[in-house]
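So this block is entry_27.cif, mmCIF, C-alpha atoms, pLDDT in the B column; chains and numbers go by the auth columns:
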```
data_target
loop_
_atom_site.group_PDB
_atom_site.id
_atom_site.type_symbol
_atom_site.label_atom_id
_atom_site.label_comp_id
_atom_site.label_asym_id
_atom_site.label_seq_id
_atom_site.Cartn_x
_atom_site.Cartn_y
_atom_site.Cartn_z
_atom_site.B_iso_or_equiv
_atom_site.auth_seq_id
_atom_site.auth_asym_id
ATOM 1 C CA MET A 1 44.084 20.533 81.905 51.00 1 O
ATOM 2 C CA SER A 2 44.197 24.253 82.626 52.00 2 O
ATOM 3 C CA ALA A 3 41.086 26.328 83.134 51.00 3 O
ATOM 4 C CA SER A 4 41.716 28.311 79.935 49.00 4 O
ATOM 5 C CA LYS A 5 41.897 25.156 77.819 48.00 5 O
ATOM 6 C CA LEU A 6 38.686 23.793 79.380 45.00 6 O
ATOM 7 C CA SER A 7 36.897 27.056 78.647 50.00 7 O
ATOM 8 C CA PHE A 8 38.069 26.987 74.958 47.00 8 O
ATOM 9 C CA ALA A 9 36.915 23.379 74.515 47.00 9 O
ATOM 10 C CA ALA A 10 33.548 24.133 76.042 47.00 10 O
ATOM 11 C CA ALA A 11 33.091 27.166 73.794 46.00 11 O
ATOM 12 C CA LEU A 12 34.038 25.125 70.660 45.00 12 O
ATOM 13 C CA ALA A 13 31.560 22.375 71.548 49.00 13 O
ATOM 14 C CA ALA A 14 28.780 24.887 72.110 47.00 14 O
ATOM 15 C CA THR A 15 29.501 26.625 68.793 49.00 15 O
ATOM 16 C CA THR A 16 29.448 23.293 66.919 49.00 16 O
ATOM 17 C CA ALA A 17 26.142 22.302 68.526 50.00 17 O
ATOM 18 C CA ILE A 18 24.542 25.577 67.465 49.00 18 O
ATOM 19 C CA ALA A 19 25.957 25.564 63.885 47.00 19 O
ATOM 20 C CA ALA A 20 25.116 21.935 63.028 48.00 20 O
ATOM 21 C CA PRO A 21 21.290 22.373 62.758 50.00 21 O
ATOM 22 C CA ALA A 22 21.741 25.547 60.721 48.00 22 O
ATOM 23 C CA PHE A 23 24.129 23.789 58.300 44.00 23 O
ATOM 24 C CA ALA A 24 21.796 20.800 57.938 49.00 24 O
ATOM 25 C CA GLY A 25 18.868 23.116 57.216 52.00 25 O
ATOM 26 C CA SER A 26 20.881 25.005 54.629 54.00 26 O
ATOM 27 C CA LEU A 27 21.883 21.720 52.925 47.00 27 O
ATOM 28 C CA ASP A 28 18.258 20.516 52.893 54.00 28 O
ATOM 29 C CA ASN A 29 17.094 23.797 51.319 56.00 29 O
ATOM 30 C CA THR A 30 19.824 23.576 48.659 53.00 30 O
ATOM 31 C CA LEU A 31 18.850 20.017 47.700 47.00 31 O
ATOM 32 C CA SER A 32 15.131 20.837 47.609 54.00 32 O
ATOM 33 C CA GLU A 33 15.703 23.896 45.411 58.00 33 O
ATOM 34 C CA ALA A 34 17.850 21.977 42.887 56.00 34 O
ATOM 35 C CA GLU A 35 16.008 21.320 39.605 63.00 35 O
ATOM 36 C CA PRO A 36 15.179 17.643 38.899 66.00 36 O
ATOM 37 C CA ALA A 37 17.099 15.978 36.074 70.00 37 O
ATOM 38 C CA ALA A 38 15.327 16.141 32.713 74.00 38 O
ATOM 39 C CA PRO A 39 13.815 12.781 31.687 77.00 39 O
ATOM 40 C CA VAL A 40 15.526 10.929 28.852 77.00 40 O
ATOM 41 C CA VAL A 41 13.227 10.868 25.798 73.00 41 O
ATOM 42 C CA VAL A 42 13.718 7.935 23.437 69.00 42 O
ATOM 43 C CA THR A 43 12.400 8.694 19.948 71.00 43 O
ATOM 44 C CA ALA A 44 11.234 5.707 17.912 68.00 44 O
ATOM 45 C CA PRO A 45 12.829 5.533 14.450 72.00 45 O
ATOM 46 C CA ALA A 46 10.622 6.741 11.608 72.00 46 O
ATOM 47 C CA PRO A 47 9.087 3.866 9.609 77.00 47 O
ATOM 48 C CA VAL A 48 10.731 3.078 6.291 79.00 48 O
ATOM 49 C CA TYR A 49 8.316 2.555 3.394 93.00 49 O
ATOM 50 C CA ASP A 50 10.159 0.319 0.943 95.00 50 O
ATOM 51 C CA TRP A 51 8.338 -0.889 -2.177 97.00 51 O
ATOM 52 C CA THR A 52 10.847 -3.672 -2.887 98.00 52 O
ATOM 53 C CA GLY A 53 9.423 -7.174 -2.540 97.00 53 O
ATOM 54 C CA PRO A 54 6.355 -9.312 -3.243 98.00 54 O
ATOM 55 C CA SER A 55 2.757 -8.438 -2.463 98.00 55 O
ATOM 56 C CA ILE A 56 -0.617 -10.146 -2.653 98.00 56 O
ATOM 57 C CA GLY A 57 -4.031 -8.534 -2.583 98.00 57 O
ATOM 58 C CA ALA A 58 -7.737 -8.604 -3.308 98.00 58 O
ATOM 59 C CA GLN A 59 -9.638 -6.164 -5.507 98.00 59 O
ATOM 60 C CA VAL A 60 -13.197 -5.214 -6.353 98.00 60 O
ATOM 61 C CA GLY A 61 -14.574 -2.847 -8.953 98.00 61 O
ATOM 62 C CA PHE A 62 -16.734 -2.096 -11.957 98.00 62 O
ATOM 63 C CA GLY A 63 -16.399 -2.867 -15.674 97.00 63 O
ATOM 64 C CA ASP A 64 -17.954 -1.367 -18.787 97.00 64 O
ATOM 65 C CA ILE A 65 -17.881 -3.251 -22.141 96.00 65 O
ATOM 66 C CA GLU A 66 -18.510 -2.012 -25.675 94.00 66 O
ATOM 67 C CA THR A 67 -18.314 -3.943 -28.964 91.00 67 O
ATOM 68 C CA ASP A 68 -17.632 -3.270 -32.630 88.00 68 O
ATOM 69 C CA ASN A 69 -19.071 -5.288 -35.537 81.00 69 O
ATOM 70 C CA ALA A 70 -21.451 -7.068 -33.172 76.00 70 O
ATOM 71 C CA GLY A 71 -24.541 -4.902 -33.491 78.00 71 O
ATOM 72 C CA GLY A 72 -23.261 -2.432 -30.909 82.00 72 O
ATOM 73 C CA VAL A 73 -24.080 -4.647 -27.926 90.00 73 O
ATOM 74 C CA GLU A 74 -22.665 -3.499 -24.599 94.00 74 O
ATOM 75 C CA GLY A 75 -22.893 -4.143 -20.886 95.00 75 O
ATOM 76 C CA ASP A 76 -21.551 -3.233 -17.478 97.00 76 O
ATOM 77 C CA GLY A 77 -21.333 -4.730 -14.008 97.00 77 O
ATOM 78 C CA GLY A 78 -19.167 -5.620 -11.065 97.00 78 O
ATOM 79 C CA LEU A 79 -16.042 -7.730 -10.834 97.00 79 O
ATOM 80 C CA TYR A 80 -13.729 -8.959 -8.088 98.00 80 O
ATOM 81 C CA GLY A 81 -10.498 -10.890 -7.891 98.00 81 O
ATOM 82 C CA LEU A 82 -6.942 -11.411 -6.713 98.00 82 O
ATOM 83 C CA ARG A 83 -3.590 -9.830 -7.583 98.00 83 O
ATOM 84 C CA ALA A 84 0.081 -10.629 -6.944 98.00 84 O
ATOM 85 C CA TYR A 85 3.098 -8.424 -7.732 98.00 85 O
ATOM 86 C CA TYR A 86 6.823 -8.132 -7.249 98.00 86 O
ATOM 87 C CA ASP A 87 8.295 -4.617 -7.275 98.00 87 O
ATOM 88 C CA TYR A 88 11.775 -3.126 -6.957 98.00 88 O
ATOM 89 C CA ASP A 89 12.308 0.291 -5.356 98.00 89 O
ATOM 90 C CA PHE A 90 15.161 2.257 -6.954 97.00 90 O
ATOM 91 C CA GLY A 91 14.704 5.247 -4.639 93.00 91 O
ATOM 92 C CA ASN A 92 12.969 7.803 -6.826 96.00 92 O
ATOM 93 C CA TYR A 93 11.055 5.309 -8.954 97.00 93 O
ATOM 94 C CA VAL A 94 9.656 1.774 -8.750 98.00 94 O
ATOM 95 C CA VAL A 95 9.476 -0.969 -11.400 98.00 95 O
ATOM 96 C CA GLY A 96 7.559 -4.223 -11.072 98.00 96 O
ATOM 97 C CA GLY A 97 5.327 -6.823 -12.626 98.00 97 O
ATOM 98 C CA GLY A 98 2.491 -9.106 -11.678 98.00 98 O
ATOM 99 C CA LEU A 99 -0.694 -11.033 -12.321 98.00 99 O
ATOM 100 C CA GLN A 100 -4.382 -10.275 -11.849 98.00 100 O
ATOM 101 C CA TYR A 101 -7.431 -12.523 -12.047 98.00 101 O
ATOM 102 C CA ASP A 102 -10.998 -11.204 -11.910 98.00 102 O
ATOM 103 C CA GLU A 103 -14.330 -12.988 -11.735 97.00 103 O
ATOM 104 C CA ALA A 104 -17.204 -11.197 -13.453 96.00 104 O
ATOM 105 C CA ASP A 105 -20.814 -11.706 -14.516 93.00 105 O
ATOM 106 C CA ILE A 106 -21.329 -8.888 -16.998 95.00 106 O
ATOM 107 C CA ASP A 107 -24.235 -9.423 -19.400 94.00 107 O
ATOM 108 C CA VAL A 108 -23.482 -7.977 -22.852 93.00 108 O
ATOM 109 C CA ASP A 109 -27.045 -7.219 -24.015 91.00 109 O
ATOM 110 C CA GLY A 110 -28.018 -10.908 -23.844 88.00 110 O
ATOM 111 C CA ALA A 111 -25.528 -11.873 -26.549 88.00 111 O
ATOM 112 C CA ALA A 112 -22.837 -13.204 -24.215 91.00 112 O
ATOM 113 C CA THR A 113 -21.562 -12.838 -20.662 94.00 113 O
ATOM 114 C CA LEU A 114 -18.077 -11.789 -19.646 95.00 114 O
ATOM 115 C CA ASP A 115 -17.110 -14.423 -17.091 95.00 115 O
ATOM 116 C CA LYS A 116 -13.429 -13.878 -16.237 97.00 116 O
ATOM 117 C CA VAL A 117 -10.475 -11.608 -17.036 98.00 117 O
ATOM 118 C CA PHE A 118 -6.806 -12.532 -16.680 98.00 118 O
ATOM 119 C CA ARG A 119 -3.923 -10.036 -16.859 98.00 119 O
ATOM 120 C CA ALA A 120 -0.129 -10.279 -16.814 98.00 120 O
ATOM 121 C CA GLY A 121 1.763 -7.023 -17.031 98.00 121 O
ATOM 122 C CA LEU A 122 4.428 -4.582 -15.956 98.00 122 O
ATOM 123 C CA ARG A 123 4.164 -1.332 -14.041 98.00 123 O
ATOM 124 C CA ALA A 124 6.537 1.556 -13.400 98.00 124 O
ATOM 125 C CA GLY A 125 6.211 4.905 -11.682 98.00 125 O
ATOM 126 C CA VAL A 126 7.396 7.382 -9.092 98.00 126 O
ATOM 127 C CA ASP A 127 8.157 6.663 -5.438 98.00 127 O
ATOM 128 C CA LEU A 128 6.578 9.354 -3.233 97.00 128 O
ATOM 129 C CA ASP A 129 7.593 7.636 0.036 95.00 129 O
ATOM 130 C CA ARG A 130 4.250 6.224 1.209 97.00 130 O
ATOM 131 C CA THR A 131 2.620 6.500 -2.250 98.00 131 O
ATOM 132 C CA PHE A 132 3.476 4.792 -5.545 98.00 132 O
ATOM 133 C CA LEU A 133 1.972 6.358 -8.694 98.00 133 O
ATOM 134 C CA TYR A 134 2.390 4.247 -11.820 98.00 134 O
ATOM 135 C CA GLY A 135 1.469 3.408 -15.371 98.00 135 O
ATOM 136 C CA THR A 136 0.806 -0.210 -16.289 98.00 136 O
ATOM 137 C CA GLY A 137 0.174 -2.406 -19.303 98.00 137 O
ATOM 138 C CA GLY A 138 0.450 -5.922 -20.676 98.00 138 O
ATOM 139 C CA TYR A 139 -1.367 -9.033 -21.806 98.00 139 O
ATOM 140 C CA ALA A 140 -5.055 -9.660 -21.072 98.00 140 O
ATOM 141 C CA LYS A 141 -7.479 -12.475 -21.815 98.00 141 O
ATOM 142 C CA ALA A 142 -11.285 -12.361 -21.678 97.00 142 O
ATOM 143 C CA PHE A 143 -13.366 -15.470 -21.023 96.00 143 O
ATOM 144 C CA THR A 144 -17.033 -15.432 -22.046 94.00 144 O
ATOM 145 C CA GLU A 145 -20.051 -17.682 -21.591 92.00 145 O
ATOM 146 C CA GLU A 146 -22.474 -18.297 -24.439 85.00 146 O
ATOM 147 C CA ASP A 147 -25.921 -16.714 -24.240 84.00 147 O
ATOM 148 C CA ALA A 148 -27.313 -16.032 -27.730 83.00 148 O
ATOM 149 C CA VAL A 149 -23.889 -16.037 -29.365 83.00 149 O
ATOM 150 C CA ASP A 150 -20.814 -18.174 -28.741 85.00 150 O
ATOM 151 C CA LEU A 151 -18.059 -15.560 -28.747 86.00 151 O
ATOM 152 C CA GLY A 152 -15.529 -17.832 -27.127 90.00 152 O
ATOM 153 C CA ASP A 153 -12.441 -16.375 -25.450 95.00 153 O
ATOM 154 C CA SER A 154 -10.114 -13.668 -26.704 96.00 154 O
ATOM 155 C CA ASN A 155 -6.535 -12.580 -26.200 97.00 155 O
ATOM 156 C CA GLY A 156 -5.842 -8.870 -25.948 98.00 156 O
ATOM 157 C CA TYR A 157 -3.989 -6.173 -24.058 98.00 157 O
ATOM 158 C CA PHE A 158 -4.530 -3.589 -21.335 98.00 158 O
ATOM 159 C CA VAL A 159 -3.061 -0.210 -20.388 98.00 159 O
ATOM 160 C CA GLY A 160 -3.852 2.057 -17.487 98.00 160 O
ATOM 161 C CA LEU A 161 -2.931 4.113 -14.447 98.00 161 O
ATOM 162 C CA GLY A 162 -2.832 3.214 -10.773 98.00 162 O
ATOM 163 C CA ALA A 163 -1.686 4.140 -7.294 98.00 163 O
ATOM 164 C CA GLU A 164 -0.835 2.371 -4.039 98.00 164 O
ATOM 165 C CA HIS A 165 -0.493 3.955 -0.601 98.00 165 O
ATOM 166 C CA PHE A 166 0.914 2.518 2.653 98.00 166 O
ATOM 167 C CA VAL A 167 -1.596 2.630 5.511 98.00 167 O
ATOM 168 C CA THR A 168 0.744 0.590 7.745 96.00 168 O
ATOM 169 C CA GLU A 169 4.304 -0.642 7.211 94.00 169 O
ATOM 170 C CA LYS A 170 2.913 -3.802 5.558 96.00 170 O
ATOM 171 C CA VAL A 171 -0.567 -2.963 4.228 98.00 171 O
ATOM 172 C CA THR A 172 -1.424 -0.771 1.234 98.00 172 O
ATOM 173 C CA ILE A 173 -4.626 0.354 -0.414 98.00 173 O
ATOM 174 C CA GLY A 174 -4.705 0.922 -4.149 98.00 174 O
ATOM 175 C CA GLY A 175 -6.756 1.943 -7.129 98.00 175 O
ATOM 176 C CA GLU A 176 -6.522 1.306 -10.886 98.00 176 O
ATOM 177 C CA VAL A 177 -8.288 2.366 -14.043 98.00 177 O
ATOM 178 C CA LEU A 178 -7.552 0.022 -16.967 98.00 178 O
ATOM 179 C CA TYR A 179 -8.512 0.033 -20.642 98.00 179 O
ATOM 180 C CA HIS A 180 -8.654 -3.316 -22.502 98.00 180 O
ATOM 181 C CA GLU A 181 -8.897 -4.303 -26.165 97.00 181 O
ATOM 182 C CA PHE A 182 -9.950 -7.799 -27.315 96.00 182 O
ATOM 183 C CA ASP A 183 -10.098 -8.781 -31.022 93.00 183 O
ATOM 184 C CA ASP A 184 -9.441 -12.533 -31.079 91.00 184 O
ATOM 185 C CA PHE A 185 -12.918 -13.985 -30.542 92.00 185 O
ATOM 186 C CA GLU A 186 -14.141 -17.066 -32.398 88.00 186 O
ATOM 187 C CA ILE A 187 -16.477 -14.892 -34.472 87.00 187 O
ATOM 188 C CA ASP A 188 -14.374 -12.984 -36.991 83.00 188 O
ATOM 189 C CA ASP A 189 -14.289 -9.175 -36.942 86.00 189 O
ATOM 190 C CA VAL A 190 -15.898 -8.937 -33.495 89.00 190 O
ATOM 191 C CA GLU A 191 -13.935 -6.597 -31.261 93.00 191 O
ATOM 192 C CA ALA A 192 -14.599 -5.539 -27.702 94.00 192 O
ATOM 193 C CA SER A 193 -13.193 -2.836 -25.453 96.00 193 O
ATOM 194 C CA ALA A 194 -13.544 -2.832 -21.702 97.00 194 O
ATOM 195 C CA THR A 195 -12.779 -0.199 -19.080 98.00 195 O
ATOM 196 C CA THR A 196 -12.441 -1.285 -15.469 98.00 196 O
ATOM 197 C CA ALA A 197 -12.009 0.689 -12.259 98.00 197 O
ATOM 198 C CA THR A 198 -10.978 -1.203 -9.124 98.00 198 O
ATOM 199 C CA ILE A 199 -9.815 -0.647 -5.560 98.00 199 O
ATOM 200 C CA SER A 200 -7.547 -3.079 -3.739 98.00 200 O
ATOM 201 C CA VAL A 201 -6.120 -4.010 -0.349 98.00 201 O
ATOM 202 C CA ASN A 202 -2.613 -5.498 -0.431 98.00 202 O
ATOM 203 C CA TYR A 203 -0.162 -7.107 1.965 98.00 203 O
ATOM 204 C CA ARG A 204 3.527 -6.503 1.245 97.00 204 O
ATOM 205 C CA PHE A 205 6.095 -9.012 2.473 95.00 205 O
#
```
As a first step, turn the structure in this file into structure tokens.
Amino acid sequence: MSASKLSFAAALAATTAIAAPAFAGSLDNTLSEAEPAAPVVVTAPAPVYDWTGPSIGAQVGFGDIETDNAGGVEGDGGLYGLRAYYDYDFGNYVVGGGLQYDEADIDVDGAATLDKVFRAGLRAGVDLDRTFLYGTGGYAKAFTEEDAVDLGDSNGYFVGLGAEHFVTEKVTIGGEVLYHEFDDFEIDDVEASATTATISVNYRF
């Protein structure tokens, strides 16, 4: 190999040796200055509050009783019980029906004691996503225990307003105010009205 070719090869090798560290440093700086990739954020789907389906619950509250044609006797006290409903959600409104059973021990001025109340009725109202506002009404029956007077039991009806609200996807809390009329006691002409206010906790399937 000629002297000129050897000199060119030596110069090329020297240039490569000098440039390689500079190139590597430049590449390292470029990689370090590059912005990290943005993390992928997975958003959980929003819960769907659907009122369609069965529910069971427990309730507790207060009742006030007044009478006509029975010397004006009256009484008030606590009550508690169970409830079961089936509702259908049409989107903007909800329609359903169900049963309620309350235990009570309300002394009506020593004349008699309200012992139990049974209800079977319908309800319908507006669907506000997590909240259901409704009107309700139907059949009611009052069961009494004899104190001074044997009133017996009486069929009747109830009407009222209520609300339920989802606190989780399966559990709701609720409240109702109901007005009752009973006029079918064993003693003729005796009528009774009762107003109850209750709160409930319900599980929806």
Long-range neighbours of region 144-152 of chain O as number ranges by chain, 12 Å cut-off, all atoms listed in the file, 3 positions minimum in chain: O: 67, 70-71, 73, 103-118, 141, 155, 182-192
Write to file, as a PDB file, in the frame of the given file, the residues of the selection just made, with C-alpha atoms.
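File written: again-v2.pdb
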```pdb
ATOM      1  CA  THR O  67     -18.314  -3.943 -28.964  1.00 91.00           C
ATOM      2  CA  ALA O  70     -21.451  -7.068 -33.172  1.00 76.00           C
ATOM      3  CA  GLY O  71     -24.541  -4.902 -33.491  1.00 78.00           C
ATOM      4  CA  VAL O  73     -24.080  -4.647 -27.926  1.00 90.00           C
ATOM      5  CA  GLU O 103     -14.330 -12.988 -11.735  1.00 97.00           C
ATOM      6  CA  ALA O 104     -17.204 -11.197 -13.453  1.00 96.00           C
ATOM      7  CA  ASP O 105     -20.814 -11.706 -14.516  1.00 93.00           C
ATOM      8  CA  ILE O 106     -21.329  -8.888 -16.998  1.00 95.00           C
ATOM      9  CA  ASP O 107     -24.235  -9.423 -19.400  1.00 94.00           C
ATOM     10  CA  VAL O 108     -23.482  -7.977 -22.852  1.00 93.00           C
ATOM     11  CA  ASP O 109     -27.045  -7.219 -24.015  1.00 91.00           C
ATOM     12  CA  GLY O 110     -28.018 -10.908 -23.844  1.00 88.00           C
ATOM     13  CA  ALA O 111     -25.528 -11.873 -26.549  1.00 88.00           C
ATOM     14  CA  ALA O 112     -22.837 -13.204 -24.215  1.00 91.00           C
ATOM     15  CA  THR O 113     -21.562 -12.838 -20.662  1.00 94.00           C
ATOM     16  CA  LEU O 114     -18.077 -11.789 -19.646  1.00 95.00           C
ATOM     17  CA  ASP O 115     -17.110 -14.423 -17.091  1.00 95.00           C
ATOM     18  CA  LYS O 116     -13.429 -13.878 -16.237  1.00 97.00           C
ATOM     19  CA  VAL O 117     -10.475 -11.608 -17.036  1.00 98.00           C
ATOM     20  CA  PHE O 118      -6.806 -12.532 -16.680  1.00 98.00           C
ATOM     21  CA  LYS O 141      -7.479 -12.475 -21.815  1.00 98.00           C
ATOM     22  CA  ASN O 155      -6.535 -12.580 -26.200  1.00 97.00           C
ATOM     23  CA  PHE O 182      -9.950  -7.799 -27.315  1.00 96.00           C
ATOM     24  CA  ASP O 183     -10.098  -8.781 -31.022  1.00 93.00           C
ATOM     25  CA  ASP O 184      -9.441 -12.533 -31.079  1.00 91.00           C
ATOM     26  CA  PHE O 185     -12.918 -13.985 -30.542  1.00 92.00           C
ATOM     27  CA  GLU O 186     -14.141 -17.066 -32.398  1.00 88.00           C
ATOM     28  CA  ILE O 187     -16.477 -14.892 -34.472  1.00 87.00           C
ATOM     29  CA  ASP O 188     -14.374 -12.984 -36.991  1.00 83.00           C
ATOM     30  CA  ASP O 189     -14.289  -9.175 -36.942  1.00 86.00           C
ATOM     31  CA  VAL O 190     -15.898  -8.937 -33.495  1.00 89.00           C
ATOM     32  CA  GLU O 191     -13.935  -6.597 -31.261  1.00 93.00           C
ATOM     33  CA  ALA O 192     -14.599  -5.539 -27.702  1.00 94.00           C
TER      34      ALA O 192
END
```
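Of the residues under consideration (O:Glu169, O:Asp89, O:Glu164, O:Asp64), O:Glu164 shows the shortest atom-to-atom contact distance to Ile199 (chain O) when counting only C-alpha atoms.
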Two-atom distance - CA of Thr52 (chain O), CA of Leu128 (chain O) (Å):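 Spanning CA of Thr52 (chain O) to CA of Leu128 (chain O) is a straight-line distance of 13.7 Å.
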Within 10 Å of file point (4.4, 10.3, -1.5), counting only C-alpha atoms, expressed as a ChimeraX atom specification: /O:49,126-133,164-166
I need the chosen residues saved as an mmCIF file, in the coordinates of the input, with C-alpha atoms.
```
data_model
loop_
_atom_site.group_PDB
_atom_site.id
_atom_site.type_symbol
_atom_site.label_atom_id
_atom_site.label_comp_id
_atom_site.auth_asym_id
_atom_site.auth_seq_id
_atom_site.Cartn_x
_atom_site.Cartn_y
_atom_site.Cartn_z
ATOM 1 C CA TYR O 49 8.316 2.555 3.394
ATOM 2 C CA VAL O 126 7.396 7.382 -9.092
ATOM 3 C CA ASP O 127 8.157 6.663 -5.438
ATOM 4 C CA LEU O 128 6.578 9.354 -3.233
ATOM 5 C CA ASP O 129 7.593 7.636 0.036
ATOM 6 C CA ARG O 130 4.250 6.224 1.209
ATOM 7 C CA THR O 131 2.620 6.500 -2.250
ATOM 8 C CA PHE O 132 3.476 4.792 -5.545
ATOM 9 C CA LEU O 133 1.972 6.358 -8.694
ATOM 10 C CA GLU O 164 -0.835 2.371 -4.039
ATOM 11 C CA HIS O 165 -0.493 3.955 -0.601
ATOM 12 C CA PHE O 166 0.914 2.518 2.653
#
```
Counting all atoms listed in the file, the option among O:Gly96, O:Gly137, O:Gly57, O:Gly156 closest to Ala84 (chain O):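 Ranking O:Gly96, O:Gly137, O:Gly57, O:Gly156 by distance to Ala84 (chain O), first place goes to O:Gly57.
Using the PyMOL selection byres ((chain O and resi 203) around 7) on the file at hand returns these residues: Ser55, Ile56, Gly57, Lys170, Val171, Thr172, Asn202, Arg204 and Phe205 of chain O.
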Write to file, as a PDB file, in the frame of the given file, the residues of the selection just made, with C-alpha atoms.
```
ATOM      1  CA  SER O  55       2.757  -8.438  -2.463  1.00 98.00           C
ATOM      2  CA  ILE O  56      -0.617 -10.146  -2.653  1.00 98.00           C
ATOM      3  CA  GLY O  57      -4.031  -8.534  -2.583  1.00 98.00           C
ATOM      4  CA  LYS O 170       2.913  -3.802   5.558  1.00 96.00           C
ATOM      5  CA  VAL O 171      -0.567  -2.963   4.228  1.00 98.00           C
ATOM      6  CA  THR O 172      -1.424  -0.771   1.234  1.00 98.00           C
ATOM      7  CA  ASN O 202      -2.613  -5.498  -0.431  1.00 98.00           C
ATOM      8  CA  ARG O 204       3.527  -6.503   1.245  1.00 97.00           C
ATOM      9  CA  PHE O 205       6.095  -9.012   2.473  1.00 95.00           C
TER      10      PHE O 205
END
```
d(CA of Asp102 (chain O), CA of Leu82 (chain O)) in Å: 6.6 Å
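Counting all atoms listed in the file, the residue from O:Val159, O:Leu99, O:Glu181, O:Tyr134 that sits nearest to Arg119 (chain O) is O:Leu99.
Pairwise distance (CA of Asp153 (chain O), CA of Val60 (chain O)) equals 22.1 Å.
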Pick from O:Gly175, O:Gly162, O:Gly81, O:Pro54 nearest to Gly97 (chain O), counting all atoms listed in the file: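 Smallest distance to Gly97 (chain O) is found for O:Pro54.
Across O:Gly125, O:Pro45, O:Pro39, O:Gly135, the tightest approach to Asn92 (chain O) is made by O:Gly125 when counting only C-alpha atoms.
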